[in-house]
Each structure stands twice: as C-alpha cells, then as structure tokens.
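Below: the structure, in structure tokens.
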Amino acid sequence: MEHISKEKIQLDFNRQEYSNDQLVSLYQKMLKPRLIEEKMLVLLRQGKISKWFSGIGQEAISIGVTSALNEDEYVLPMHRNLGVFTTRNIPLYRLFAQWQGKLSGFTKGRDRSFHFGTQEYKTIGMISHLGPQMGVACGIALSNLLREDKKVTAVFTGEGGTSEGDFHEALNIASVWGLPVLFCIENNGYGLSTPTKEQYNCENLADRGKGYGIESHIIDGNNIIEVFDQVNTLCKSMRLNPRPILLEFKTFRMRGHEEASGTKYVPNELIAEWALKDPIENYKNYLFNNDILSEKNDQEYREKIKKEIDSNWEKANNEATVDVDLDRELGDVFSPFEYHNIPASNQTHELRLIDAISDSLGESMMRFDNLVIMGQDIAEYGGVFKITEGFVKQFGKQRIRNTPICESGIVSTGYGLAINGSKAVIEMQFADFVSSGFNPIVNLLAKSNYRWGQSADVVIRMPCGAGVGAGPFHSQTNEAWFTKTPGLKIVYPAFPVDAKGLLATAIEDPNPVLFFEHKALYRTIRQEVPKGYYNLPLGKAALVKKGNDITIISYGAGIHWALEILDKHPQISVDLLDLRTLQPLDETAIFGSINKTGKVIILQEDSLFGGIASDISALIMENCFTSLDAPVKRVGSLETPIPFDKNLEEQYLGKHRFEEELLNLVAY
C-alpha cells in the first residue's frame with residue numbers, strides 16, 4: 001500500500017478501542033454527504049436546483065453526533081447538516097425530490113431544502129427563524145422523560161443562532177426541568193457574513209452553560225473520532241442520568257452562508273488555514289497511514305456512492321412536478337379530526353365561567369394521561385386566576401408544570417411534546433403576553449401540518465379582555481392577530497356551558513387551538529353546567545336569541561353587552577348569534593340569519609380596523625348582498641391602546657357606542 005506522509009495530517013486522531021470496521025464506517029458516512037454536495041454544487045451552477053447551503057468542512061459533526069444516537073432518538077438538524085439525513089439512511093431520491101419541490105419529497109413541494117421533518121426517521125428540520133428549534137427539542141425530551149424512555153434528543157444550532165432569545169430560553173427550560181437534550185453548537189466562524197467577534201463577547205460559547213447550570217464541553221468539530229467518541233460517551237450517560245449538555249464544536253464554514261453569498265468577506269489566509277484541517281482529507285490520510293483503508297477501497301467506496309447519487313438523482317429528476325390540487329392544498333392546512341359528540345349529563349351544577357374552564361381541564365387531564373399543562377405559576381399557586389388550583393395534588397408536578405417566563409420557548413416546547421406523542425395545554429398568564437411567543441405559534445404550530453403532515457396538538461389558553469381596569473398590557477382581546485393565520489383554530493366562548501364543552505373539544509383536536517377566555521366574565525357569568533365530561537363542536541355558532549328584525553353577531557363579552565342593551569329595548573326582535581369559534585367560522589349560521597332578517601350589526605371588543613368584524617362584513621356583502629335592507633354595520637373599540645382609567649376605558653370600549661348604532665340600524 002502506498003503511504004501518505006503523516007505531515008499531511010493536521011488533526012490528532014486517537015482510535016482508542018474502535019475496530020477497523022467502525023473507523024471505516026465513519027469515513028464512509030462522511031464521504032457520502034461530501035460527494036452529494038459536490039454533485040449539488042454542479043447542479044446549482046447548471047440551474048437545476050435553486051439554492052444550496054453547504055456543509056463542506058463540517059461533516060464530522062453531523063456524522064459523529066447522529067452515529068452516537070440510537071435510531072429511535074430524535075435529532076433536529078439545521079440546513080448545513082446533510083450528514084444527519086444521510087446517516088439516518090433517508091433515501092436519496094426523497095432528499096433530491098424535496099430539494100426540487102417534488103411530491104416524493106417530504107413537503108409536497110410546499111417548502112424547500114431541509115425545512116421538513118419525518119417521523120419515520122426521527123428527524124425534525126428547522127424553520128428559517130432557527131431559534132425555536134431548541135425549544136422543540138425540549139418538548140420532545142420532556143415527553144421522553146415523562147415516559148421514562150431513557151432517550152436523548154440532539155438539536156443543532158450555529159454560533160449565530162446562540163444570539164437568539166429562543167436559545168437562552170431553551171437552555172434555561174432544559175436546565176430547570178432536567179431534560180436530556182444535547183445542545184450542539186456548530187461554531188463555524190461566521191453568521192452569514194458577521195464574524196464571531198461581532199456575534200458574542202466571550203471566548204467560548206460553551207462557557208454559557210455555566211450560567212444555566214448545564215454541563216458543557218468543547219470538541220474539535222473536524223475530528224470525527226473525537227466527535228463520535230465524546231458524544232457517544234455523553235449520550236450513554238444521559239440515558240442513565242437525564243440532563244442537558246451543551247456542546248460547542250469548533251469548525252469552519254468553507255463556503256458561503258449559501259452559495260449566492262460567496263466568501264469574499266472571509267480573509268484568504270483563514271480559508272487556507274482551515275482547508276488544511278479538512279475533516280475528510282485528514283481522516284482519510286490517517287486511515288491510509290495506519291493501513292486501515294487502502295486507496296483501492298477508497299476509490300471503490302467513492303464509485304459506489306457516486307453511482308447511488310446519480311441513480312437517485314435521475315429518479316427524482318424524472319419525477320413530474322407537483323400537480324396543482326386545490327382540494328389537497330386546502331385539506332392539508334389542518335390535521336384530520338373527526339368530532340364525536342359526547343353528550344352532556346342531565347346532572348348540572350351552577351358554575352362561573354372560570355369554574356367551568358377549570359372543570360374542563362380537570363376532566364381532560366383524567367381522560368388523556370399524555371396531557372401536560374404548562375404555564376407561569378400554574379402549579380402550587382394555581383395560576384394568577386386560580387384555574388389550576390389543586391391540580392398538582394390531583395395530577396402531580398410532572399404534568400402540571402410551572403414554567404420560566406419564556407413564552408416563545410414554552411410554545412416551542414409544547415410543539416415538541418406534540419411531535420413526540422403528547423398533548424399540551426399552555427396558559428398565557430395574560431393574552432397580551434402571547435406577543436413574546438408569536439413566532440412559534442404562527443410559524444411552527446400553524447404551518448406544521450401543511451408543511452410536513454405533523455399535527456400540532458397544542459391548546460393555548462388566552463385570558464383576555466378589558467373592563468377590569470388592567471391597562472394596555474393586560475387587557476387586549478387580540479384574536480385578530482391569529483384569525484389571519486391559516487392553520488390555527490380560534491375559540492372564544494361567552495358562557496360557562498360553552499367554555500367547558502369547547503375546551504374539551506379543543507384538547508381532543510390534534511390541531512393548534514387558541515382558546516380565548518374573557519377575564520371580566522370569569523367570575524361574573526354563572527350558568528347551570530353539566531357535570532362530568534362532554535364536548536361541543538367547533539365551528540358551530542349558537543343562537544342566543546331568535547327574532548326577525550335584525551341580526552346581531554358577536555362573541556365573548558360582546559354577547560353580554562348585546563344582551564344588556566336588548567333588555568332595555570324588548571321591542572327589537574333580533575337574532576343574537578354567538579359565534580363561539582372564529583376559526584372555523586359558522587358561515588352557514590351567519591348567512592342564514594341575515595337572509596332572514598335583512599339587517600346585521602357586528603359587535604367586537606377589539607379595535608375596529610383589521611378585526612374579524614371586517615372580514616365577516618365582507619363575507620356578508622359577497623354572499624348576502626341581495627338580502628340586505630341596510631348597510632352592514634360594524635361596532636368596535638377605539639383605535640387606541642386600552643387605557644387604565646375607568647372612564648377612559650369605558651370611552652374606549654365599543655360597548656358604549658353599540659346601543660346608538662343598533663337603534664340607527666333598526667330605524668334605517
């Protein structure tokens with residue numbers, strides 16, 4: 001065998017007790033994504049693929065980490081971790097089809113590159129916002145921990161991603177809850193064009209582990225044996241002693257952030273320095289020098305892999321483009337859910353709205369042993385509104401979990417729970433605070449089923465609304481932020497009976513549901529509520545009052561405002577329609593009532609512009625124009641933030657303009 005000079009080996013390899021076959025296997029695993037990348041770069045220049053994020057020079061990290069995991073352990077890669085997908089033996093034609101937007105890919109042409117997940121291969125890809133990936137890993141690990149599965153979850157990020165708040169939230173969650181998450185930072189020198197010295201001001205990112213009470217290690221990310229050996233050892237330890245570990249892999253990005261960006265911002269000497277540390281060339285030379293691999297065998301491996309690449313590329317390339325199918329597109333926004341009515345008991349007791357919600361949560365906790373409730377101060381304290389008071393004693397702290405103040409991280413954790421077979425209910429302490437968790441709601445939960453067929457079995461409870469003098473940060477009714485987003489279901493009950501039954505269905509439903517609960521109604525609205533478990537269908541409005549002169553459409557507190565005004569004007573014969581759910585919307589009930597009465601007024605608590613009343617008005621104009629005897633009227637609150645002072649708040653609320661507008665419409 002021809003030996004290659006040891007001077008060409010820049011890395012210090014220590015084979016330890018690994019057999020020749022194991023060492024060669026690691027080499028083959030690294031070689032495969034490198035050869036795929038070389039093929040993709042050619043195809044990119046030929047215009048046959050649209051974009052490419054190169055991981056050349058970083059293969060040892062993906063392969064080493066994934067090889068140390070068991071096949072049934074989840075791994076959450078980024079867009080520079082092709083080696084994760086190839087090590088998981090995902091068929092190459094499916095990867096190629098994914099990159100070309102073909103149906104044989106994983107997203108039916110709806111997303112590109114590595115923005116996908118697959119339960120079959122326990123691989124969960126990221127979204128472009130990067131940070132939420134870390135929280136998703138926390139949720140997957142939490143589900144494993146609750147089942148005592150003794151499994152590790154590995155998640156990747158780059159050094160740039162460590163500047164995001166989601167990264168810090170996830171580390172804190174994992175530390176506080178003792179979650180077996182392996183946080184892997186690929187420190188490759190640049191976040192697109194921004195060097196590390198402009199990204200953070202500490203010597204090593206691994207040092208951040210100390211601040212969160214997390215064990216951390218620095219690993220040479222170009223040394224495949226070191227990566228595999230250390231990660232394998234740590235994973236074995238984590239399975240026996242669940243805990244998070246932070247790893248910083250020192251490496252370098254040899255090509256651009258993506259190919260179009262180039263590398264002109266990188267000093268030539270730095271590229272040359274790291275080129276000498278190429279993980280594949282160094283390891284190959286080490287295997288050559290130690291008679292573990294021959295040039296003949298190396299050439300055979302390369303030819304075999306290239307043949308596999310070419311045949312799979314041809315298969316994917318010859319596949320037809322995705323057919324346009326409107327029914328499929330619309331049908332895949334939500335996960336299938338077949339509602340089965342569970343009728344209410346004839347036995348009732350008087351409950352306030354707040355009690356009905358608590359009752360429903362308790363019934364669902366007994367019905368679904370994989371249900372976890374999370375939120376700030378919800379455990380022993382029972383939440384700021386005492387809805388979960390006594391739940392810890394009944395269901396235990398494992399399933400009733402106090403969270404740190406980190407809405408984004410907890411929503412992502414809820415999604416991870418859903419990915420790994422659990423159900424999650426998250427309490428926003430106040431609906432206003434959901435702005436801190438907005439990204440994972442609209443970009444993870446809402447798009448999940450449409451993108452890759454994964455249900456997001458998460459309910460987010462939203463204590464909302466004005467009338468309690470809580471000011472601009474605790475009083476919003478912000479449903480319109482979410483009714484615009486396809487993939488979310490929005491529930492907004494006005495009565496205890498509805499709240500209990502609709503919350504039960506929301507938890508049954510595998511789709512993400514935002515469940516709005518008006519704080520001013522919590523302890524003011526009482527009703528006889530059936531005992532035990534029952535459910536009510538989403539997307540069905542309730543006719544609170546029946547009449548012929550005019551249709552009033554509202555929901556939440558607006559229903560009670562309308563009832564109060566109607567008590568003063570018993571001569572007005574109205575259909576009072578309580579929407580109950582805003583997505584799905586009961587258009588049949590809306591159109592049916594308007595076709596009967598000919599006049600309609602829509603009342604919402606939210607400020608008027610951009611609220612759901614505007615969309616309902618447009619729907620009515622488009623579908624019921626010939627039935628209308630007057631213009632559609634909308635009533636909402638002022639175009640200002642919600643003030644604290646009682647008099648200012650009363651002026652703000654649309655409640656105090658509704659009576660005049662109603663009477664004007666009746667007289668029209």
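Chain labels A, B, ... are given in the sequence in which chains occur in the structure tokens; within each chain residues are numbered consecutively from 1, and ligands are likewise numbered from 1 in the order shown.
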Using only C-alpha atoms, which residues of segment 604-625 of chain A come within 10 Å of segment 639-644 of chain A, and what is the closest atom pair for each, with the distance in Å to one decimal? Give it as a Markdown table, sorted by chain and residue number.
| residue | atom | partner | partner_atom | distance |
| --- | --- | --- | --- | --- |
| A:Asp606 | CA | A:Glu639 | CA | 9.1 |
| A:Ser607 | CA | A:Glu639 | CA | 5.5 |
| A:Leu608 | CA | A:Glu639 | CA | 7.0 |
| A:Phe609 | CA | A:Glu639 | CA | 7.5 |
Q) Within 10 Å of Val632 of chain A, counting only C-alpha atoms, which residues qualify if same-chain residues fewer than 2 places away don't, as a ChimeraX atom specification? A) /A:598-602,614,616-618,620-621,625,628-630,634,665
I need the residues from that last selection saved to file as a short mmCIF file (atom, residue, chain, number, x, y, z; two decimals), in the first residue's frame (with all heavy atoms), if you can.
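This went into result_20.cif:
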data_model
loop_
_atom_site.label_atom_id
_atom_site.label_comp_id
_atom_site.auth_asym_id
_atom_site.auth_seq_id
_atom_site.Cartn_x
_atom_site.Cartn_y
_atom_site.Cartn_z
N GLY A 598 -82.35 40.56 7.05
CA GLY A 598 -82.04 41.62 6.11
C GLY A 598 -81.17 42.74 6.67
O GLY A 598 -80.75 43.63 5.93
N LYS A 599 -80.92 42.73 7.95
CA LYS A 599 -80.07 43.74 8.58
C LYS A 599 -79.10 43.06 9.54
O LYS A 599 -79.47 42.09 10.21
CB LYS A 599 -80.90 44.77 9.34
CG LYS A 599 -81.79 45.66 8.47
CD LYS A 599 -82.55 46.66 9.33
CE LYS A 599 -83.41 47.57 8.47
NZ LYS A 599 -84.15 48.57 9.29
N VAL A 600 -77.90 43.62 9.64
CA VAL A 600 -76.91 42.98 10.50
C VAL A 600 -75.98 44.03 11.11
O VAL A 600 -75.58 44.99 10.45
CB VAL A 600 -76.08 41.92 9.74
CG1 VAL A 600 -75.39 42.52 8.53
CG2 VAL A 600 -75.06 41.25 10.65
N ILE A 601 -75.65 43.82 12.37
CA ILE A 601 -74.65 44.62 13.06
C ILE A 601 -73.68 43.66 13.73
O ILE A 601 -74.09 42.68 14.37
CB ILE A 601 -75.30 45.59 14.08
CG1 ILE A 601 -74.25 46.50 14.71
CG2 ILE A 601 -76.11 44.84 15.14
CD1 ILE A 601 -74.87 47.66 15.51
N ILE A 602 -72.40 43.92 13.55
CA ILE A 602 -71.36 43.04 14.09
C ILE A 602 -70.65 43.78 15.21
O ILE A 602 -70.14 44.89 15.00
CB ILE A 602 -70.36 42.62 13.00
CG1 ILE A 602 -71.10 42.09 11.77
CG2 ILE A 602 -69.38 41.57 13.52
CD1 ILE A 602 -70.24 42.04 10.51
N SER A 614 -64.55 42.97 10.24
CA SER A 614 -64.34 43.45 8.87
C SER A 614 -64.44 42.30 7.88
O SER A 614 -65.04 42.43 6.80
CB SER A 614 -62.98 44.13 8.75
OG SER A 614 -62.90 45.25 9.61
N ILE A 616 -66.04 39.41 8.39
CA ILE A 616 -67.42 38.93 8.38
C ILE A 616 -68.29 39.86 7.54
O ILE A 616 -69.14 39.41 6.76
CB ILE A 616 -67.95 38.82 9.82
CG1 ILE A 616 -67.17 37.74 10.59
CG2 ILE A 616 -69.45 38.49 9.82
CD1 ILE A 616 -67.51 37.67 12.07
N SER A 617 -68.05 41.16 7.66
CA SER A 617 -68.79 42.13 6.85
C SER A 617 -68.57 41.88 5.37
O SER A 617 -69.51 41.90 4.57
CB SER A 617 -68.36 43.55 7.22
OG SER A 617 -68.97 44.49 6.38
N ALA A 618 -67.32 41.64 4.98
CA ALA A 618 -67.02 41.38 3.58
C ALA A 618 -67.70 40.10 3.10
O ALA A 618 -68.23 40.05 1.97
CB ALA A 618 -65.51 41.29 3.39
N ILE A 620 -70.43 38.82 4.21
CA ILE A 620 -71.87 39.09 4.09
C ILE A 620 -72.16 39.85 2.80
O ILE A 620 -73.11 39.53 2.06
CB ILE A 620 -72.36 39.88 5.32
CG1 ILE A 620 -72.28 39.00 6.59
CG2 ILE A 620 -73.78 40.39 5.11
CD1 ILE A 620 -72.47 39.77 7.88
N MET A 621 -71.35 40.83 2.50
CA MET A 621 -71.56 41.60 1.27
C MET A 621 -71.41 40.73 0.03
O MET A 621 -72.14 40.88 -0.95
CB MET A 621 -70.57 42.77 1.22
CG MET A 621 -70.83 43.86 2.26
SD MET A 621 -72.42 44.68 2.03
CE MET A 621 -72.10 45.59 0.52
N PHE A 625 -75.70 39.97 -0.39
CA PHE A 625 -75.97 41.36 -0.80
C PHE A 625 -77.44 41.58 -1.15
O PHE A 625 -78.05 42.58 -0.76
CB PHE A 625 -75.08 41.72 -1.98
CG PHE A 625 -75.25 43.12 -2.46
CD1 PHE A 625 -74.74 44.19 -1.74
CD2 PHE A 625 -75.95 43.39 -3.65
CE1 PHE A 625 -74.90 45.49 -2.18
CE2 PHE A 625 -76.12 44.69 -4.08
CZ PHE A 625 -75.60 45.74 -3.36
N LEU A 628 -79.86 42.13 1.82
CA LEU A 628 -79.65 43.23 2.76
C LEU A 628 -80.63 44.38 2.51
O LEU A 628 -80.86 44.80 1.37
CB LEU A 628 -78.22 43.75 2.65
CG LEU A 628 -77.11 42.81 3.15
CD1 LEU A 628 -75.74 43.38 2.81
CD2 LEU A 628 -77.24 42.57 4.64
N ASP A 629 -81.18 44.88 3.62
CA ASP A 629 -82.05 46.05 3.58
C ASP A 629 -81.35 47.29 4.12
O ASP A 629 -81.97 48.36 4.18
CB ASP A 629 -83.32 45.78 4.41
CG ASP A 629 -84.14 44.64 3.86
OD1 ASP A 629 -84.20 44.50 2.62
OD2 ASP A 629 -84.69 43.86 4.67
N ALA A 630 -80.11 47.15 4.51
CA ALA A 630 -79.33 48.26 5.05
C ALA A 630 -77.86 47.89 4.96
O ALA A 630 -77.50 46.72 4.83
CB ALA A 630 -79.72 48.53 6.51
N ARG A 634 -70.59 47.73 11.55
CA ARG A 634 -69.61 47.18 12.48
C ARG A 634 -69.46 48.14 13.67
O ARG A 634 -69.45 49.35 13.49
CB ARG A 634 -68.24 47.03 11.82
CG ARG A 634 -68.18 46.07 10.64
CD ARG A 634 -66.84 46.17 9.94
NE ARG A 634 -66.63 47.53 9.42
CZ ARG A 634 -65.46 48.17 9.41
NH1 ARG A 634 -64.37 47.59 9.91
NH2 ARG A 634 -65.36 49.39 8.93
N LEU A 665 -79.62 51.48 13.09
CA LEU A 665 -79.80 50.44 12.08
C LEU A 665 -81.25 49.95 12.04
O LEU A 665 -81.80 49.68 10.96
CB LEU A 665 -78.84 49.27 12.35
CG LEU A 665 -78.80 48.17 11.28
CD1 LEU A 665 -78.39 48.74 9.93
CD2 LEU A 665 -77.84 47.06 11.70
#
Q | Who sits within 8 Å of Phe516 of chain A, only C-alpha atoms, same chain under 5 positions skipped, as a list in words | A | Ala431, Arg461, Met462, Pro463, Cys464, Glu479, Ile490, Val491, Tyr492 and Pro493 of chain A
For the selection just defined, write its residues with N, CA, C and O atoms to a file, as a tab-separated table (two decimals), in the first residue's frame.
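For reference, out_6.tsv as written:
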chain	number	residue	atom	x	y	z
A	431	ALA	N	-53.37	37.17	27.81
A	431	ALA	CA	-53.30	37.03	26.35
A	431	ALA	C	-52.31	38.02	25.74
A	431	ALA	O	-51.69	37.73	24.72
A	461	ARG	N	-54.25	28.70	26.11
A	461	ARG	CA	-55.31	29.41	26.80
A	461	ARG	C	-54.93	30.89	26.93
A	461	ARG	O	-53.82	31.22	27.31
A	462	MET	N	-55.91	31.76	26.62
A	462	MET	CA	-55.63	33.19	26.47
A	462	MET	C	-56.56	34.04	27.34
A	462	MET	O	-57.59	34.52	26.87
A	463	PRO	N	-56.26	34.25	28.62
A	463	PRO	CA	-57.05	35.18	29.45
A	463	PRO	C	-56.96	36.59	28.87
A	463	PRO	O	-55.87	37.16	28.81
A	464	CYS	N	-58.08	37.14	28.47
A	464	CYS	CA	-58.05	38.35	27.66
A	464	CYS	C	-59.12	39.34	28.09
A	464	CYS	O	-59.95	39.06	28.96
A	479	GLU	N	-57.50	38.46	19.29
A	479	GLU	CA	-57.78	37.32	18.42
A	479	GLU	C	-57.45	37.60	16.96
A	479	GLU	O	-57.09	36.68	16.20
A	490	ILE	N	-59.48	29.12	16.41
A	490	ILE	CA	-59.67	30.17	17.41
A	490	ILE	C	-61.04	29.97	18.06
A	490	ILE	O	-62.06	29.99	17.38
A	491	VAL	N	-61.04	29.80	19.37
A	491	VAL	CA	-62.28	29.59	20.13
A	491	VAL	C	-62.43	30.73	21.13
A	491	VAL	O	-61.45	31.14	21.76
A	492	TYR	N	-63.68	31.23	21.26
A	492	TYR	CA	-63.90	32.40	22.12
A	492	TYR	C	-65.30	32.30	22.73
A	492	TYR	O	-66.24	32.95	22.26
A	493	PRO	N	-65.48	31.53	23.80
A	493	PRO	CA	-66.81	31.33	24.38
A	493	PRO	C	-67.27	32.51	25.24
A	493	PRO	O	-66.45	33.28	25.75
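Each of A:Glu38, A:His656, A:Lys102, A:Tyr27 was compared to Asn318 of chain A using only C-alpha atoms, and A:Lys102 turns out to be the nearest.
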Where does segment 382-425 of chain A meet segment 106-124 of chain A within 10 Å, residue by residue, with the nearest atom pair and distance in Å to one decimal for each, counting only C-alpha atoms, listed by chain and rising number, as JSON lines?
{"residue": "A:Gly416", "atom": "CA", "partner": "A:Ile124", "partner_atom": "CA", "distance": 9.7}
{"residue": "A:Ile419", "atom": "CA", "partner": "A:Gln119", "partner_atom": "CA", "distance": 8.3}
{"residue": "A:Asn420", "atom": "CA", "partner": "A:Gln119", "partner_atom": "CA", "distance": 9.1}
Just to be explicit: take each residue in the selection above, keep N, CA and C atoms, and write the result as a PDB file, in the first residue's frame.
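That gives us part.pdb:
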ATOM      1  N   GLY A 416     -42.928  20.430  20.598  1.00  0.00           N
ATOM      2  CA  GLY A 416     -42.094  19.241  20.732  1.00  0.00           C
ATOM      3  C   GLY A 416     -42.825  18.109  21.433  1.00  0.00           C
ATOM      4  N   ILE A 419     -45.023  16.514  18.848  1.00  0.00           N
ATOM      5  CA  ILE A 419     -44.246  15.690  17.921  1.00  0.00           C
ATOM      6  C   ILE A 419     -43.971  14.322  18.516  1.00  0.00           C
ATOM      7  N   ASN A 420     -43.752  14.290  19.815  1.00  0.00           N
ATOM      8  CA  ASN A 420     -43.375  13.038  20.487  1.00  0.00           C
ATOM      9  C   ASN A 420     -44.551  12.400  21.221  1.00  0.00           C
TER      10      ASN A 420
END
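The two atoms in question, atom CA of Ile61 of chain A and atom CA of Gln133 of chain A, are spaced 17.7 Å apart.
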Q. Asn439 of chain A: which residues within 9 Å, counting only C-alpha atoms, same-chain residues fewer than 3 positions away excluded, as a count of residues only?
A. 8
